[in-house]
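Undergrad: Structure file data-v2.txt (compact mmCIF, C-alpha atoms) is given on the next line.
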```
# COMPACT_ATOMS: atom_id res chain seq x y z
CA MET A 609 19.22 -24.02 -65.05
CA GLU A 610 18.83 -21.82 -68.11
CA LEU A 611 21.53 -22.25 -70.72
CA PRO A 612 22.59 -19.32 -72.92
CA SER A 613 22.62 -21.27 -76.19
CA LYS A 614 20.46 -23.88 -77.93
CA LEU A 615 23.52 -25.77 -79.16
CA LEU A 616 24.83 -26.06 -75.63
CA GLU A 617 21.38 -27.04 -74.39
CA LYS A 618 21.16 -29.84 -76.95
CA ALA A 619 24.63 -31.16 -76.08
CA VAL A 620 23.91 -31.04 -72.34
CA SER A 621 20.60 -32.81 -72.79
CA GLU A 622 22.23 -35.60 -74.84
CA ILE A 623 25.17 -36.05 -72.45
CA SER A 624 22.87 -36.19 -69.45
CA GLN A 625 21.06 -39.19 -70.98
CA LEU A 626 24.10 -41.23 -69.96
CA PRO A 627 23.76 -43.16 -66.70
CA GLY A 628 25.07 -41.40 -63.61
CA ILE A 629 25.53 -38.06 -65.40
CA GLY A 630 23.26 -35.22 -64.36
CA LYS A 631 22.73 -31.82 -66.00
CA ARG A 632 25.52 -30.14 -64.06
CA THR A 633 28.15 -32.74 -64.90
CA ALA A 634 26.94 -32.75 -68.51
CA LEU A 635 27.47 -28.99 -68.67
CA ARG A 636 30.94 -29.34 -67.18
CA LEU A 637 31.83 -31.96 -69.81
CA ALA A 638 30.41 -29.87 -72.68
CA LEU A 639 32.35 -26.78 -71.56
CA HIS A 640 35.48 -28.89 -71.18
CA LEU A 641 35.17 -30.05 -74.80
CA LEU A 642 34.80 -26.42 -75.91
CA LYS A 643 38.13 -25.58 -74.29
CA GLN A 644 39.93 -28.50 -75.98
CA PRO A 645 41.12 -28.60 -79.61
CA GLU A 646 38.30 -29.33 -82.04
CA ASP A 647 39.72 -32.70 -83.08
CA GLN A 648 39.31 -34.11 -79.57
CA THR A 649 35.53 -33.74 -79.87
CA GLN A 650 35.70 -35.12 -83.40
CA MET A 651 37.65 -38.17 -82.24
CA LEU A 652 35.29 -38.79 -79.33
CA SER A 653 32.24 -38.51 -81.49
CA ASN A 654 33.74 -40.73 -84.23
CA ALA A 655 34.77 -43.36 -81.70
CA LEU A 656 31.23 -43.50 -80.30
CA THR A 657 29.52 -43.69 -83.69
CA SER A 658 31.95 -46.26 -85.00
CA LEU A 659 31.60 -48.39 -81.85
CA ARG A 660 27.82 -48.35 -82.11
CA GLU A 661 27.73 -49.02 -85.84
CA ASN A 662 30.47 -51.59 -86.21
CA VAL A 663 30.50 -53.48 -82.92
CA LYS A 664 30.43 -57.27 -83.37
CA TYR A 665 29.40 -59.90 -80.91
CA CYS A 666 31.01 -63.33 -80.85
CA LYS A 667 28.60 -65.74 -82.57
CA SER A 668 29.25 -68.35 -79.95
CA CYS A 669 29.34 -66.57 -76.57
CA TYR A 670 27.99 -63.05 -77.40
CA ASN A 671 31.01 -61.33 -75.90
CA ILE A 672 32.01 -58.14 -77.74
CA SER A 673 34.64 -59.05 -80.30
CA ASP A 674 36.44 -57.77 -83.38
CA ASN A 675 35.94 -61.12 -85.12
CA GLU A 676 33.07 -63.52 -85.75
CA ILE A 677 34.33 -65.77 -82.96
CA CYS A 678 36.03 -64.09 -80.01
CA GLU A 679 39.57 -64.79 -78.82
CA ILE A 680 38.38 -66.78 -75.83
CA CYS A 681 36.07 -69.07 -77.81
CA SER A 682 38.69 -69.60 -80.52
CA ASN A 683 41.51 -70.40 -78.09
CA PRO A 684 42.27 -74.16 -78.42
CA ASN A 685 43.75 -74.26 -74.90
CA ARG A 686 40.44 -73.48 -73.20
CA ASP A 687 38.13 -76.13 -71.87
CA GLU A 688 34.98 -76.12 -74.03
CA SER A 689 33.09 -78.39 -71.67
CA ILE A 690 32.67 -75.73 -68.93
CA ILE A 691 30.56 -72.65 -69.60
CA CYS A 692 30.36 -69.72 -67.23
CA VAL A 693 27.08 -67.79 -67.63
CA VAL A 694 27.49 -64.04 -67.04
CA GLU A 695 25.39 -60.93 -67.47
CA ASP A 696 27.67 -58.74 -69.57
CA VAL A 697 31.11 -58.08 -71.02
CA ARG A 698 32.39 -56.48 -67.83
CA ASP A 699 31.81 -59.74 -65.95
CA VAL A 700 33.87 -61.63 -68.54
CA MET A 701 36.67 -59.12 -68.01
CA ALA A 702 36.41 -59.39 -64.23
CA ILE A 703 36.57 -63.19 -64.26
CA GLU A 704 39.37 -63.21 -66.85
CA SER A 705 41.41 -60.93 -64.64
CA THR A 706 41.38 -63.56 -61.85
CA GLY A 707 43.27 -65.97 -64.13
CA ILE A 708 41.43 -68.87 -62.42
CA PHE A 709 38.86 -69.83 -65.03
CA ASN A 710 39.88 -71.72 -68.15
CA GLY A 711 36.50 -72.56 -69.67
CA LEU A 712 34.28 -70.57 -72.02
CA TYR A 713 31.66 -67.90 -71.31
CA HIS A 714 28.11 -67.23 -72.34
CA VAL A 715 27.06 -63.57 -72.12
CA LEU A 716 23.32 -63.23 -71.54
CA GLY A 717 23.23 -59.48 -72.21
CA GLY A 718 21.19 -58.73 -69.10
CA LYS A 719 19.00 -60.35 -66.46
CA ILE A 720 15.30 -61.20 -66.51
CA ASN A 721 13.63 -58.07 -65.13
CA PRO A 722 9.86 -57.84 -65.55
CA ILE A 723 9.75 -54.31 -64.08
CA GLU A 724 12.02 -53.02 -66.84
CA GLY A 725 10.27 -55.22 -69.38
CA ILE A 726 13.19 -57.58 -69.97
CA GLY A 727 11.98 -61.12 -70.57
CA PRO A 728 13.92 -64.31 -71.39
CA SER A 729 13.39 -63.82 -75.13
CA GLN A 730 15.45 -60.61 -75.08
CA LEU A 731 18.42 -62.39 -73.56
CA ASN A 732 20.78 -64.91 -75.15
CA ILE A 733 19.18 -67.83 -73.31
CA SER A 734 17.85 -70.03 -76.10
CA THR A 735 21.27 -70.22 -77.73
CA LEU A 736 22.73 -71.36 -74.42
CA VAL A 737 20.11 -74.11 -74.18
CA ASP A 738 20.87 -75.15 -77.78
CA LYS A 739 24.56 -75.30 -76.96
CA ILE A 740 23.87 -77.57 -73.98
CA ASN A 741 21.55 -79.80 -76.00
CA LEU A 742 24.44 -80.55 -78.35
CA GLY A 743 25.77 -82.66 -75.47
CA GLU A 744 29.36 -81.47 -75.32
CA VAL A 745 29.04 -79.28 -72.24
CA ARG A 746 29.82 -80.92 -68.91
CA GLU A 747 29.27 -78.07 -66.46
CA ILE A 748 27.49 -74.73 -66.29
CA ILE A 749 28.61 -72.13 -63.73
CA PHE A 750 26.09 -69.40 -62.97
CA ALA A 751 27.99 -66.18 -62.27
CA LEU A 752 25.15 -63.66 -62.17
CA SER A 753 24.94 -61.07 -59.44
CA SER A 754 23.02 -62.27 -56.42
CA THR A 755 19.97 -60.03 -56.73
CA MET A 756 16.36 -61.04 -57.22
CA GLU A 757 16.79 -60.60 -60.99
CA GLY A 758 19.99 -62.66 -60.98
CA ASP A 759 18.35 -65.46 -59.00
CA THR A 760 15.29 -65.43 -61.27
CA THR A 761 17.48 -65.68 -64.35
CA ASN A 762 19.52 -68.52 -62.83
CA PHE A 763 16.36 -70.41 -61.99
CA TYR A 764 14.79 -69.85 -65.41
CA ILE A 765 17.86 -71.22 -67.17
CA TYR A 766 18.15 -74.09 -64.70
CA LYS A 767 14.58 -75.20 -65.45
CA GLN A 768 15.33 -75.21 -69.18
CA ILE A 769 18.43 -77.35 -68.88
CA LYS A 770 17.83 -79.60 -65.88
CA ASP A 771 16.70 -82.53 -68.06
CA SER A 772 20.10 -82.60 -69.71
CA LYS A 773 21.50 -83.69 -66.31
CA ILE A 774 24.72 -81.69 -66.70
CA LYS A 775 26.46 -80.35 -63.61
CA THR A 776 25.30 -76.86 -62.59
CA SER A 777 26.92 -74.65 -60.00
CA THR A 778 26.86 -71.05 -58.88
CA ILE A 779 29.81 -69.00 -57.68
CA ALA A 780 30.29 -68.99 -53.90
CA ARG A 781 28.76 -66.20 -51.83
CA GLY A 782 30.56 -65.32 -48.65
CA ILE A 783 32.72 -62.86 -46.81
CA ALA A 784 35.05 -61.06 -49.23
CA VAL A 785 38.77 -61.70 -48.76
CA GLY A 786 40.12 -59.11 -46.31
CA ASP A 787 36.66 -58.10 -45.00
CA GLU A 788 35.88 -57.89 -41.30
CA LEU A 789 33.17 -60.30 -40.10
CA GLU A 790 31.43 -57.72 -37.95
CA TYR A 791 30.57 -55.54 -40.95
CA ALA A 792 29.15 -58.35 -43.10
CA ASP A 793 25.36 -58.44 -43.59
CA GLU A 794 23.46 -61.36 -42.02
CA VAL A 795 22.47 -63.01 -45.29
CA THR A 796 26.03 -63.15 -46.59
CA LEU A 797 27.38 -64.33 -43.25
CA GLY A 798 24.60 -66.91 -42.99
CA ARG A 799 25.32 -68.25 -46.47
CA SER A 800 29.02 -68.41 -45.80
CA LEU A 801 28.32 -70.58 -42.72
CA ILE A 802 25.97 -72.93 -44.56
CA ASN A 803 28.38 -73.29 -47.49
CA ARG A 804 31.47 -73.67 -45.31
CA ILE A 805 34.47 -75.29 -46.98
CA PRO A 806 36.75 -78.06 -45.63
CA TYR A 807 39.88 -76.65 -44.00
CA GLU A 808 42.96 -78.83 -44.09
CA ASN A 809 46.46 -77.43 -44.17
CA GLY A 810 45.08 -74.07 -45.27
CA LEU A 811 42.82 -73.16 -48.14
CA LYS A 812 43.60 -74.32 -51.65
CA ILE A 813 43.71 -70.87 -53.18
CA MET B 1344 41.98 -54.00 -67.84
CA GLU B 1345 42.11 -55.81 -71.18
CA LEU B 1346 39.21 -55.07 -73.48
CA PRO B 1347 37.94 -57.68 -75.92
CA SER B 1348 37.67 -55.33 -78.92
CA LYS B 1349 39.70 -52.53 -80.49
CA LEU B 1350 36.55 -50.48 -81.22
CA LEU B 1351 35.55 -50.65 -77.59
CA GLU B 1352 39.10 -49.82 -76.52
CA LYS B 1353 39.12 -46.72 -78.73
CA ALA B 1354 35.74 -45.54 -77.41
CA VAL B 1355 36.77 -46.12 -73.79
CA SER B 1356 40.04 -44.29 -74.29
CA GLU B 1357 38.26 -41.27 -75.84
CA ILE B 1358 35.52 -41.13 -73.20
CA SER B 1359 38.05 -41.35 -70.39
CA GLN B 1360 39.77 -38.17 -71.68
CA LEU B 1361 36.82 -36.28 -70.19
CA PRO B 1362 37.44 -34.78 -66.74
CA GLY B 1363 36.39 -36.91 -63.80
CA ILE B 1364 35.75 -40.00 -65.95
CA GLY B 1365 38.08 -42.94 -65.44
CA LYS B 1366 38.47 -46.11 -67.51
CA ARG B 1367 35.84 -48.04 -65.58
CA THR B 1368 33.16 -45.36 -65.88
CA ALA B 1369 34.06 -44.91 -69.55
CA LEU B 1370 33.52 -48.62 -70.12
CA ARG B 1371 30.17 -48.47 -68.33
CA LEU B 1372 29.08 -45.55 -70.52
CA ALA B 1373 30.24 -47.28 -73.73
CA LEU B 1374 28.39 -50.49 -72.84
CA HIS B 1375 25.32 -48.44 -71.96
CA LEU B 1376 25.33 -46.86 -75.42
CA LEU B 1377 25.60 -50.32 -76.99
CA LYS B 1378 22.40 -51.36 -75.23
CA GLN B 1379 20.48 -48.27 -76.40
CA PRO B 1380 19.01 -47.72 -79.88
CA GLU B 1381 21.62 -46.69 -82.44
CA ASP B 1382 20.15 -43.22 -82.94
CA GLN B 1383 20.85 -42.26 -79.32
CA THR B 1384 24.58 -42.58 -79.96
CA GLN B 1385 24.14 -40.79 -83.27
CA MET B 1386 22.32 -37.90 -81.60
CA LEU B 1387 24.91 -37.62 -78.84
CA SER B 1388 27.76 -37.62 -81.26
CA ASN B 1389 26.06 -35.10 -83.59
CA ALA B 1390 25.25 -32.79 -80.67
CA LEU B 1391 28.89 -32.81 -79.55
CA THR B 1392 30.31 -32.18 -83.02
CA SER B 1393 27.80 -29.49 -83.80
CA LEU B 1394 28.40 -27.76 -80.46
CA ARG B 1395 32.15 -27.75 -81.02
CA GLU B 1396 31.95 -26.62 -84.64
CA ASN B 1397 29.18 -24.05 -84.46
CA VAL B 1398 29.43 -22.57 -80.98
CA LYS B 1399 29.46 -18.77 -80.97
CA TYR B 1400 30.69 -16.44 -78.29
CA CYS B 1401 29.07 -13.06 -77.67
CA LYS B 1402 31.32 -10.43 -79.28
CA SER B 1403 30.91 -8.16 -76.29
CA CYS B 1404 31.09 -10.35 -73.17
CA TYR B 1405 32.37 -13.72 -74.55
CA ASN B 1406 29.49 -15.64 -73.03
CA ILE B 1407 28.34 -18.61 -75.15
CA SER B 1408 25.50 -17.40 -77.34
CA ASP B 1409 23.45 -18.30 -80.41
CA ASN B 1410 23.80 -14.74 -81.75
CA GLU B 1411 26.62 -12.25 -82.31
CA ILE B 1412 25.58 -10.39 -79.16
CA CYS B 1413 24.14 -12.44 -76.32
CA GLU B 1414 20.70 -11.93 -74.78
CA ILE B 1415 22.14 -10.31 -71.67
CA CYS B 1416 24.28 -7.76 -73.53
CA SER B 1417 21.45 -6.91 -75.91
CA ASN B 1418 18.85 -6.46 -73.16
CA PRO B 1419 18.07 -2.71 -72.94
CA ASN B 1420 16.90 -3.07 -69.33
CA ARG B 1421 20.32 -4.01 -68.04
CA ASP B 1422 22.76 -1.55 -66.56
CA GLU B 1423 25.70 -1.23 -68.97
CA SER B 1424 27.78 0.70 -66.49
CA ILE B 1425 28.44 -2.25 -64.17
CA ILE B 1426 30.48 -5.20 -65.39
CA CYS B 1427 30.88 -8.42 -63.45
CA VAL B 1428 34.10 -10.24 -64.37
CA VAL B 1429 33.74 -14.04 -64.25
CA GLU B 1430 35.78 -17.06 -65.23
CA ASP B 1431 33.33 -18.99 -67.40
CA VAL B 1432 29.80 -19.49 -68.61
CA ARG B 1433 28.78 -21.48 -65.56
CA ASP B 1434 29.54 -18.49 -63.35
CA VAL B 1435 27.26 -16.30 -65.47
CA MET B 1436 24.51 -18.87 -65.04
CA ALA B 1437 25.10 -19.10 -61.29
CA ILE B 1438 24.93 -15.32 -60.82
CA GLU B 1439 21.93 -14.99 -63.15
CA SER B 1440 20.07 -17.56 -61.06
CA THR B 1441 20.34 -15.31 -57.99
CA GLY B 1442 18.28 -12.63 -59.78
CA ILE B 1443 20.26 -9.95 -57.86
CA PHE B 1444 22.59 -8.65 -60.54
CA ASN B 1445 21.31 -6.39 -63.31
CA GLY B 1446 24.56 -5.33 -64.99
CA LEU B 1447 26.56 -6.99 -67.75
CA TYR B 1448 29.22 -9.70 -67.61
CA HIS B 1449 32.68 -10.20 -68.99
CA VAL B 1450 33.72 -13.85 -69.36
CA LEU B 1451 37.50 -14.23 -69.14
CA GLY B 1452 37.55 -17.86 -70.29
CA GLY B 1453 39.88 -18.97 -67.50
CA LYS B 1454 42.27 -17.70 -64.86
CA ILE B 1455 45.94 -16.82 -65.10
CA ASN B 1456 47.72 -20.06 -64.29
CA PRO B 1457 51.45 -20.21 -65.06
CA ILE B 1458 51.68 -23.89 -64.08
CA GLU B 1459 49.19 -24.85 -66.77
CA GLY B 1460 50.73 -22.33 -69.16
CA ILE B 1461 47.77 -19.93 -69.18
CA GLY B 1462 48.92 -16.34 -69.42
CA PRO B 1463 46.92 -13.07 -69.65
CA SER B 1464 47.11 -13.08 -73.46
CA GLN B 1465 45.07 -16.30 -73.66
CA LEU B 1466 42.24 -14.75 -71.65
CA ASN B 1467 39.75 -12.07 -72.71
CA ILE B 1468 41.50 -9.41 -70.65
CA SER B 1469 42.61 -6.83 -73.23
CA THR B 1470 39.04 -6.48 -74.55
CA LEU B 1471 37.87 -5.78 -70.99
CA VAL B 1472 40.51 -3.08 -70.62
CA ASP B 1473 39.45 -1.58 -73.99
CA LYS B 1474 35.82 -1.56 -72.82
CA ILE B 1475 36.78 0.30 -69.66
CA ASN B 1476 38.93 2.80 -71.56
CA LEU B 1477 35.83 3.82 -73.55
CA GLY B 1478 34.77 5.51 -70.31
CA GLU B 1479 31.20 4.30 -70.02
CA VAL B 1480 31.79 1.73 -67.29
CA ARG B 1481 31.28 2.92 -63.72
CA GLU B 1482 32.04 -0.21 -61.71
CA ILE B 1483 33.84 -3.53 -62.11
CA ILE B 1484 32.93 -6.44 -59.82
CA PHE B 1485 35.51 -9.23 -59.65
CA ALA B 1486 33.67 -12.52 -59.19
CA LEU B 1487 36.49 -15.02 -59.67
CA SER B 1488 36.94 -17.95 -57.34
CA SER B 1489 39.10 -17.12 -54.37
CA THR B 1490 42.12 -19.25 -55.22
CA MET B 1491 45.67 -18.17 -55.87
CA GLU B 1492 44.93 -18.12 -59.62
CA GLY B 1493 41.75 -16.11 -59.07
CA ASP B 1494 43.55 -13.58 -56.88
CA THR B 1495 46.41 -13.28 -59.39
CA THR B 1496 43.95 -12.64 -62.21
CA ASN B 1497 42.05 -10.04 -60.17
CA PHE B 1498 45.28 -8.24 -59.35
CA TYR B 1499 46.56 -8.35 -62.95
CA ILE B 1500 43.34 -6.81 -64.25
CA TYR B 1501 43.26 -4.28 -61.41
CA LYS B 1502 46.77 -3.06 -62.32
CA GLN B 1503 45.68 -2.59 -65.95
CA ILE B 1504 42.62 -0.52 -65.10
CA LYS B 1505 43.51 1.34 -61.90
CA ASP B 1506 44.44 4.52 -63.80
CA SER B 1507 40.89 4.77 -65.12
CA LYS B 1508 39.80 5.43 -61.48
CA ILE B 1509 36.56 3.45 -61.84
CA LYS B 1510 35.09 1.71 -58.82
CA THR B 1511 36.33 -1.86 -58.37
CA SER B 1512 34.94 -4.40 -55.94
CA THR B 1513 35.08 -8.10 -55.31
CA ILE B 1514 32.24 -10.35 -54.14
CA ALA B 1515 32.08 -10.85 -50.37
CA ARG B 1516 33.78 -13.87 -48.82
CA GLY B 1517 32.28 -15.18 -45.64
CA ILE B 1518 30.25 -17.89 -43.97
CA ALA B 1519 27.71 -19.36 -46.40
CA VAL B 1520 24.05 -18.82 -45.53
CA GLY B 1521 22.90 -21.73 -43.36
CA ASP B 1522 26.44 -22.89 -42.49
CA GLU B 1523 27.54 -23.62 -38.93
CA LEU B 1524 30.34 -21.35 -37.64
CA GLU B 1525 32.24 -24.20 -36.02
CA TYR B 1526 32.83 -25.94 -39.36
CA ALA B 1527 34.09 -22.85 -41.21
CA ASP B 1528 37.78 -22.65 -42.02
CA GLU B 1529 39.84 -19.98 -40.23
CA VAL B 1530 40.58 -17.89 -43.32
CA THR B 1531 36.92 -17.60 -44.28
CA LEU B 1532 35.84 -16.88 -40.71
CA GLY B 1533 38.65 -14.34 -40.33
CA ARG B 1534 37.66 -12.54 -43.53
CA SER B 1535 34.01 -12.48 -42.54
CA LEU B 1536 34.97 -10.77 -39.27
CA ILE B 1537 37.17 -8.18 -40.96
CA ASN B 1538 34.53 -7.44 -43.58
CA ARG B 1539 31.64 -7.37 -41.13
CA ILE B 1540 28.50 -5.56 -42.29
CA PRO B 1541 26.34 -3.04 -40.39
CA TYR B 1542 23.36 -4.69 -38.72
CA GLU B 1543 20.29 -2.54 -38.18
CA ASN B 1544 16.79 -3.94 -38.13
CA GLY B 1545 18.07 -7.11 -39.81
CA LEU B 1546 20.09 -7.59 -42.97
CA LYS B 1547 19.03 -5.96 -46.20
CA ILE B 1548 18.79 -9.20 -48.18
```
When written as structure tokens, how does the structure in this file appear?

TA:
Amino acid sequence: MELPSKLLEKAVSEISQLPGIGKRTALRLALHLLKQPEDQTQMLSNALTSLRENVKYCKSCYNISDNEICEICSNPNRDESIICVVEDVRDVMAIESTGIFNGLYHVLGGKINPIEGIGPSQLNISTLVDKINLGEVREIIFALSSTMEGDTTNFYIYKQIKDSKIKTSTIARGIAVGDELEYADEVTLGRSLINRIPYENGLKI
Amino acid sequence: MELPSKLLEKAVSEISQLPGIGKRTALRLALHLLKQPEDQTQMLSNALTSLRENVKYCKSCYNISDNEICEICSNPNRDESIICVVEDVRDVMAIESTGIFNGLYHVLGGKINPIEGIGPSQLNISTLVDKINLGEVREIIFALSSTMEGDTTNFYIYKQIKDSKIKTSTIARGIAVGDELEYADEVTLGRSLINRIPYENGLKI
């Protein structure tokens, strides 16, 4: 694909660095911006720069925040003795939207992934261990995705904190609500049989 | 979806103004940029601003160009007497990649679309008519997409130039090369029957 202008080429090449956006989509987006008023591009580009330059992370849980301590960590109504360990900000948002969880979070910022060169030291793991060693946490819930990297990260953290003898759990894996059994994969179905839950007068939730 | 930070909210809202990008994708892109080195965001945002501020359009055909007159219009080997009328820059690139066409282009910058408030005066139509009135153009090829807006635009231009008695044509509509007949829609199949081409010792291309 030969572009008629160096400026356009540069913009397309930068846009296509974004995940899931190829050269063609990048070109479509660049041409779209050219058809819009100039201040739309200016606002987009300012918003991106300002996000990248001024973003703050909560000093306690590493969630993105406008303040030193995020709204969740500073909320006196939340239970500080339960910490849910998640990979990134989107997971916090997903769990918050259930309205079920009333504890605090700890955002790792990724999962241990040797192939991509991400080791434990690049994640917010040591601060989690420090937090637990203070002795005020009663339970840790691992809510990482159930991939090899997620399981490795769970296990790495578990080894670091198992001496503290606090309760550790992981979110349940099973058939999604509304899903048909016949389409479930064997591993999920198998796990949902092993981890079956008592049924009396219906489920609790 | 409640975001934990105003900066992030602003960035997500700006990114999701782009066509085909919803709030979720916008959030994924914003979080991706946060994980990358700061200069990647800086380069993206500079490339966008600089494209929007400094983009030039060829004074003859309105293709995007780095110079006053684009490389195609200034190429002495191209046939100036045939002009292919297209909607935007991507169409020029698509036709150029076939290697079949050796004339010049005229980029309209859109199609007549009353619903979106785009009338003939917002498109580069009058300059095309002026070009034809100079008397050096022998043929006009309409290569707009075959939608109602495309057909309207073709017809509008045709009415403006029909007195000049130059040859006008439109690109052939028919079954795409490699496509199965049974999956073609009736209109396309019908048109390809009406506009059938002589077959002797195989097709020419």

Undergrad: Report as JSON lines the residues of chain A within 7 Å of chain B, each with its shortest atom pair and distance in Å (one decimal), using only C-alpha atoms, ordered by chain and increasing residue number.

TA:
```
{"residue": "A:Pro612", "atom": "CA", "partner": "B:Ser1408", "partner_atom": "CA", "distance": 5.6}
{"residue": "A:Ser613", "atom": "CA", "partner": "B:Ser1408", "partner_atom": "CA", "distance": 5.0}
{"residue": "A:Lys614", "atom": "CA", "partner": "B:Asp1409", "partner_atom": "CA", "distance": 6.8}
{"residue": "A:Leu615", "atom": "CA", "partner": "B:Leu1394", "partner_atom": "CA", "distance": 5.4}
{"residue": "A:Leu616", "atom": "CA", "partner": "B:Leu1394", "partner_atom": "CA", "distance": 6.2}
{"residue": "A:Lys618", "atom": "CA", "partner": "B:Ala1390", "partner_atom": "CA", "distance": 6.3}
{"residue": "A:Ala619", "atom": "CA", "partner": "B:Ala1390", "partner_atom": "CA", "distance": 4.9}
{"residue": "A:Glu622", "atom": "CA", "partner": "B:Leu1387", "partner_atom": "CA", "distance": 5.2}
{"residue": "A:Ile623", "atom": "CA", "partner": "B:Leu1387", "partner_atom": "CA", "distance": 6.6}
{"residue": "A:Leu626", "atom": "CA", "partner": "B:Leu1372", "partner_atom": "CA", "distance": 6.6}
{"residue": "A:Pro627", "atom": "CA", "partner": "B:Leu1372", "partner_atom": "CA", "distance": 7.0}
{"residue": "A:Leu637", "atom": "CA", "partner": "B:Leu1361", "partner_atom": "CA", "distance": 6.6}
{"residue": "A:Leu642", "atom": "CA", "partner": "B:Arg1395", "partner_atom": "CA", "distance": 5.9}
{"residue": "A:Glu646", "atom": "CA", "partner": "B:Arg1395", "partner_atom": "CA", "distance": 6.4}
{"residue": "A:Thr649", "atom": "CA", "partner": "B:Thr1392", "partner_atom": "CA", "distance": 6.3}
{"residue": "A:Gln650", "atom": "CA", "partner": "B:Thr1392", "partner_atom": "CA", "distance": 6.2}
{"residue": "A:Leu652", "atom": "CA", "partner": "B:Glu1357", "partner_atom": "CA", "distance": 5.2}
{"residue": "A:Ser653", "atom": "CA", "partner": "B:Ser1388", "partner_atom": "CA", "distance": 4.6}
{"residue": "A:Ala655", "atom": "CA", "partner": "B:Ala1354", "partner_atom": "CA", "distance": 4.9}
{"residue": "A:Leu656", "atom": "CA", "partner": "B:Ala1354", "partner_atom": "CA", "distance": 5.7}
{"residue": "A:Thr657", "atom": "CA", "partner": "B:Gln1385", "partner_atom": "CA", "distance": 6.1}
{"residue": "A:Leu659", "atom": "CA", "partner": "B:Leu1350", "partner_atom": "CA", "distance": 5.4}
{"residue": "A:Arg660", "atom": "CA", "partner": "B:Leu1377", "partner_atom": "CA", "distance": 5.9}
{"residue": "A:Val663", "atom": "CA", "partner": "B:Leu1350", "partner_atom": "CA", "distance": 7.0}
{"residue": "A:Ile672", "atom": "CA", "partner": "B:Pro1347", "partner_atom": "CA", "distance": 6.2}
{"residue": "A:Ser673", "atom": "CA", "partner": "B:Ser1348", "partner_atom": "CA", "distance": 5.0}
{"residue": "A:Asp674", "atom": "CA", "partner": "B:Ser1348", "partner_atom": "CA", "distance": 5.2}
```

Undergrad: Please dump the current selection as a short mmCIF file (atom, residue, chain, number, x, y, z; two decimals), in the frame of the given file; keep C-alpha atoms.

TA:
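New file out-v2.cif:
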```cif
data_model
loop_
_atom_site.label_atom_id
_atom_site.label_comp_id
_atom_site.auth_asym_id
_atom_site.auth_seq_id
_atom_site.Cartn_x
_atom_site.Cartn_y
_atom_site.Cartn_z
CA PRO A 612 22.59 -19.32 -72.92
CA SER A 613 22.62 -21.27 -76.19
CA LYS A 614 20.46 -23.88 -77.93
CA LEU A 615 23.52 -25.77 -79.16
CA LEU A 616 24.83 -26.06 -75.63
CA LYS A 618 21.16 -29.84 -76.95
CA ALA A 619 24.63 -31.16 -76.08
CA GLU A 622 22.23 -35.60 -74.84
CA ILE A 623 25.17 -36.05 -72.45
CA LEU A 626 24.10 -41.23 -69.96
CA PRO A 627 23.76 -43.16 -66.70
CA LEU A 637 31.83 -31.96 -69.81
CA LEU A 642 34.80 -26.42 -75.91
CA GLU A 646 38.30 -29.33 -82.04
CA THR A 649 35.53 -33.74 -79.87
CA GLN A 650 35.70 -35.12 -83.40
CA LEU A 652 35.29 -38.79 -79.33
CA SER A 653 32.24 -38.51 -81.49
CA ALA A 655 34.77 -43.36 -81.70
CA LEU A 656 31.23 -43.50 -80.30
CA THR A 657 29.52 -43.69 -83.69
CA LEU A 659 31.60 -48.39 -81.85
CA ARG A 660 27.82 -48.35 -82.11
CA VAL A 663 30.50 -53.48 -82.92
CA ILE A 672 32.01 -58.14 -77.74
CA SER A 673 34.64 -59.05 -80.30
CA ASP A 674 36.44 -57.77 -83.38
#
```

Undergrad: Counting all atoms listed in the file, which of A:Leu716, A:Ile740, A:Val693, A:Ile805 gets nearest to Asp771 of chain A?

TA: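 Using all atoms listed in the file, the shortest distance to Asp771 of chain A belongs to A:Ile740.
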
Undergrad: Take atom CA of Ser1424 of chain B and atom CA of Asn1538 of chain B and report the distance between them in Å, one decimal.

TA: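 Computed distance, atom CA of Ser1424 of chain B to atom CA of Asn1538 of chain B, equals 25.2 Å.
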
Undergrad: One decimal, in Å: what's the spacing between atom CA of Ile765 of chain A and atom CA of Leu712 of chain A?

TA: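 Atom-to-atom, atom CA of Ile765 of chain A to atom CA of Leu712 of chain A, that is 17.1 Å.
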
Undergrad: Counting only C-alpha atoms, what is within 12 Å of Asp1422 of chain B, bar same-chain residues fewer than 6 positions away, as a list in words?

TA: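 So, after excluding close chain neighbours, the residues are Ile1415, Cys1416, Phe1444, Asn1445, Gly1446, Leu1447, Tyr1448, Glu1479, Val1480, Arg1481 and Glu1482 of chain B.
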
Undergrad: Output the selection as a PDB file, keeping the file's coordinate frame - C-alpha atoms for each residue.

TA:
```pdb
ATOM      1  CA  ILE B1415      22.140 -10.310 -71.670  1.00  0.00           C
ATOM      2  CA  CYS B1416      24.280  -7.760 -73.530  1.00  0.00           C
ATOM      3  CA  PHE B1444      22.590  -8.650 -60.540  1.00  0.00           C
ATOM      4  CA  ASN B1445      21.310  -6.390 -63.310  1.00  0.00           C
ATOM      5  CA  GLY B1446      24.560  -5.330 -64.990  1.00  0.00           C
ATOM      6  CA  LEU B1447      26.560  -6.990 -67.750  1.00  0.00           C
ATOM      7  CA  TYR B1448      29.220  -9.700 -67.610  1.00  0.00           C
ATOM      8  CA  GLU B1479      31.200   4.300 -70.020  1.00  0.00           C
ATOM      9  CA  VAL B1480      31.790   1.730 -67.290  1.00  0.00           C
ATOM     10  CA  ARG B1481      31.280   2.920 -63.720  1.00  0.00           C
ATOM     11  CA  GLU B1482      32.040  -0.210 -61.710  1.00  0.00           C
TER      12      GLU B1482
END
```
